[in-house]
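Engineer: Structure below; questions to follow.
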Amino acid sequence: MLQQMLSRYQISNDEDYHNALREVMQEITLAGLYRGGFFAHAAFYGGTALRIFYGLDRYSEDLDFSLLRPQPDFKLEPYFKAVTDEFSALGISTHITQKKKTSASHIESAFLKNTTTHLLLVDGADSTGQQIKIKFEVDTNPPMGFNTTEQLLLQPFSFYLKCFCSADLYAGKMHALLYRNWKARVKGRDWYDFEFYVRNGFKLNLEHLSIRAKQSGDVAADVVFTKDLLIDTLRNKIDVLDIANAKLDIRRFVADDQALEIWSKQYFLALVERIQFLG
């Protein structure tokens, strides 16, 4: 089964193998969560959801989930066994560690690592000692106003899981791009995803973005979050964007970095003009 799942990828070096194996392990994790009943309470969203179900052409590291309603006492730990059992059925030993909170937070996080380090020999890559770490986390106090859809995953077996609709995934990405504080870092992956949404004609749920921005405190509760406000805020963000650092962040997640040559402030400003909205 592992060989079958990896056969979908073009693997020519160790980095290709690492990226492909991480994505396969992400799908096995989703399968384990499904068997454990996790998707009765939560929906899949974020960059990995965008890649697996909506065709994003870059790799993504983490698994992000949102509860369907606020539930402050929700815990991830009861689902750990279902996930490790799913890996065990494929001959892979794993260990899951709950992330300890250092401050008050509505995010429950855990890290999964494989302890089977020699997984599979692949032409062009050395799998010896390959250890993959996957972070998965769930927002226990999610902003409301999103819609979900049932998405089909075919491997390691066929099952449906609950996932954010594309317009709400888009809204979550725009919230991260506009308001996430990375200090000196530039999250080039956010800008790559923004480009992907615009280029592929996805529509943005402005209402859900507004709810997110107000819940996070980045926009005052009495402010009407209009299209013009979004565009002005985005233009200001582009004005101070460090293009070189944005490219540096994204390069290891894409197969062909020549697609980044067009990146410039002028290019992103042109993309802003092409944003499509829901409704």
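We label chains A, B, ... in the order they appear in the structure tokens, count residues from 1 in each chain, and number ligands from 1 in the order shown.
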Could I get the residues of region 152-236 of chain A with an atom no further than 9 Å from an atom of region 24-38 of chain A, each paired with its nearest atom pair and that distance in Å to one decimal, using only C-alpha atoms, sorted by chain and residue number, as a tab-separated table?

Structural biologist:
```
residue	atom	partner	partner_atom	distance
A:Leu153	CA	A:Glu27	CA	8.1
A:Gln155	CA	A:Glu27	CA	7.2
A:Pro156	CA	A:Ile28	CA	6.3
A:Phe157	CA	A:Ala31	CA	7.7
A:Ser158	CA	A:Ala31	CA	8.9
A:Phe159	CA	A:Ala31	CA	7.7
A:Tyr160	CA	A:Tyr34	CA	8.3
A:Leu161	CA	A:Tyr34	CA	6.9
```

Engineer: Which neighbours of Leu50 (chain A) fall inside 9 Å, counting only C-alpha atoms, when residues of the same chain fewer than 4 positions from it are skipped, and could you give them as a ChimeraX atom specification?

Structural biologist: /A:45-46,54-56,166,169,193

Engineer: Nearest to His208 (chain A): which of A:Ile132, A:Ala110, A:Met174, A:Ala40 is it, counting only C-alpha atoms?

Structural biologist: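 With only C-alpha atoms as the atom set, the closest residue is A:Met174.
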
Engineer: Identify which of the residues A:Arg58, A:Arg235, A:Val240, A:Phe164 lies closest to Phe196 (chain A), counting only C-alpha atoms when measuring atom-to-atom distances.

Structural biologist: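 Smallest distance to Phe196 (chain A) is found for A:Arg58.
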
Engineer: Which one is closest to Val224 (chain A): A:Ser210, A:Asp73, A:Glu15, A:Val198? Count only C-alpha atoms.

Structural biologist: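 Closest to Val224 (chain A), using only C-alpha atoms: A:Ser210.
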
Engineer: Report the residues of region 131-219 of chain A whose backbone DSSP state falls under strand (DSSP E), written as a list in words.

Structural biologist: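 Selecting the strand (DSSP E) positions of region 131-219 of chain A gives Lys133, Ile134, Lys135, Phe136, Glu137, Val138, Asp139, Thr148, Thr149, Glu150, Gln151, Leu152, Leu153, Phe159, Tyr160, Leu161, Lys162, Cys163, Phe164, Lys203 and Leu204 of chain A.
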
Engineer: Please produce a file of the residues just selected, as a compact mmCIF listing (two decimals), in the first residue's frame, where the atoms kept are C-alpha atoms.

Structural biologist:
```
# COMPACT_ATOMS: atom_id res chain seq x y z
CA LYS A 133 7.36 15.01 11.59
CA ILE A 134 3.80 16.14 11.00
CA LYS A 135 2.10 18.76 13.13
CA PHE A 136 -1.65 18.58 13.34
CA GLU A 137 -3.75 21.07 15.22
CA VAL A 138 -7.37 21.98 15.78
CA ASP A 139 -8.96 25.35 16.52
CA THR A 148 -18.12 22.53 4.63
CA THR A 149 -18.30 19.87 1.96
CA GLU A 150 -17.66 16.12 1.94
CA GLN A 151 -14.43 15.33 0.09
CA LEU A 152 -13.39 11.87 -1.12
CA LEU A 153 -9.93 10.48 -0.37
CA PHE A 159 -13.54 7.52 2.65
CA TYR A 160 -15.24 10.91 2.83
CA LEU A 161 -14.11 13.59 5.23
CA LYS A 162 -15.46 17.01 6.08
CA CYS A 163 -13.51 19.88 4.52
CA PHE A 164 -13.93 23.65 4.25
CA LYS A 203 -14.12 33.07 -5.15
CA LEU A 204 -13.46 34.59 -1.73
```

Engineer: One decimal, Å: what's the distance from CA of Ile107 (chain A) over to CA of Thr140 (chain A), could you say?

Structural biologist: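 Answer for the CA of Ile107 (chain A) to CA of Thr140 (chain A) separation: 6.0 Å.
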
Engineer: Write out as a VMD selection string all residues of region 90-268 of chain A that DSSP puts in alpha helix (DSSP H) for this structure's backbone.

Structural biologist: chain A and resid 166 to 179 188 to 199 206 to 215 227 to 239 243 to 250 265 to 268

Engineer: Which of these, A:Arg189, A:Met144, A:Leu278, A:Leu230, has the shortest distance to Pro70 (chain A) once you count only C-alpha atoms?

Structural biologist: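 Among the listed residues, A:Met144 lies closest to Pro70 (chain A).
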
Engineer: Quick one, how far is CA of Ala167 (chain A) from CA of Ala221 (chain A)?

Structural biologist: 22.1 Å

Engineer: Excluding Gln266 (chain A) and any residue of its chain fewer than 3 positions from it, enumerate the residues within 12 Å of it, using only C-alpha atoms, and give them as a compact mmCIF listing (two decimals) with C-alpha atoms, in the first residue's frame.

Structural biologist:
```
# COMPACT_ATOMS: atom_id res chain seq x y z
CA ARG A 235 -2.00 46.84 -1.20
CA ILE A 238 2.38 44.34 -0.73
CA ASP A 239 4.04 47.74 -0.44
CA LEU A 241 6.64 42.86 1.09
CA ILE A 243 9.95 39.59 -2.40
CA ILE A 262 7.48 36.81 -12.23
CA TRP A 263 7.05 37.65 -8.55
CA LEU A 269 -0.81 44.34 -7.18
CA ALA A 270 -2.10 43.09 -10.53
CA LEU A 271 -3.40 39.94 -8.83
CA VAL A 272 -5.29 42.08 -6.30
CA GLU A 273 -7.32 43.56 -9.16
```

Engineer: Could you state the separation of CA of Lys99 (chain A) and CA of Gln215 (chain A) in Å, given to one decimal place?

Structural biologist: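 Pair CA of Lys99 (chain A) / CA of Gln215 (chain A) returns 23.8 Å.
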
Engineer: I'd like to know which of A:Val186, A:Arg212, A:Phe80, A:Val223 is closest to Gln98 (chain A), using only C-alpha atoms.

Structural biologist: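 Once distances to Gln98 (chain A) are computed over only C-alpha atoms, the minimum belongs to A:Phe80.
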
Engineer: Given only C-alpha atoms as the basis, pick out the residue of A:Ser88, A:Thr48, A:Ser60, A:Gln4 nearest to Ile250 (chain A).

Structural biologist: A:Ser60

Engineer: I'd like the neighbourhood of His175 (chain A) as a PyMOL selection string, where a residue qualifies if any of its atoms comes within 9 Å (using only C-alpha atoms), though same-chain residues fewer than 3 positions away should be ignored.

Structural biologist: chain A and resi 170-172+178-180+209-210+212-213
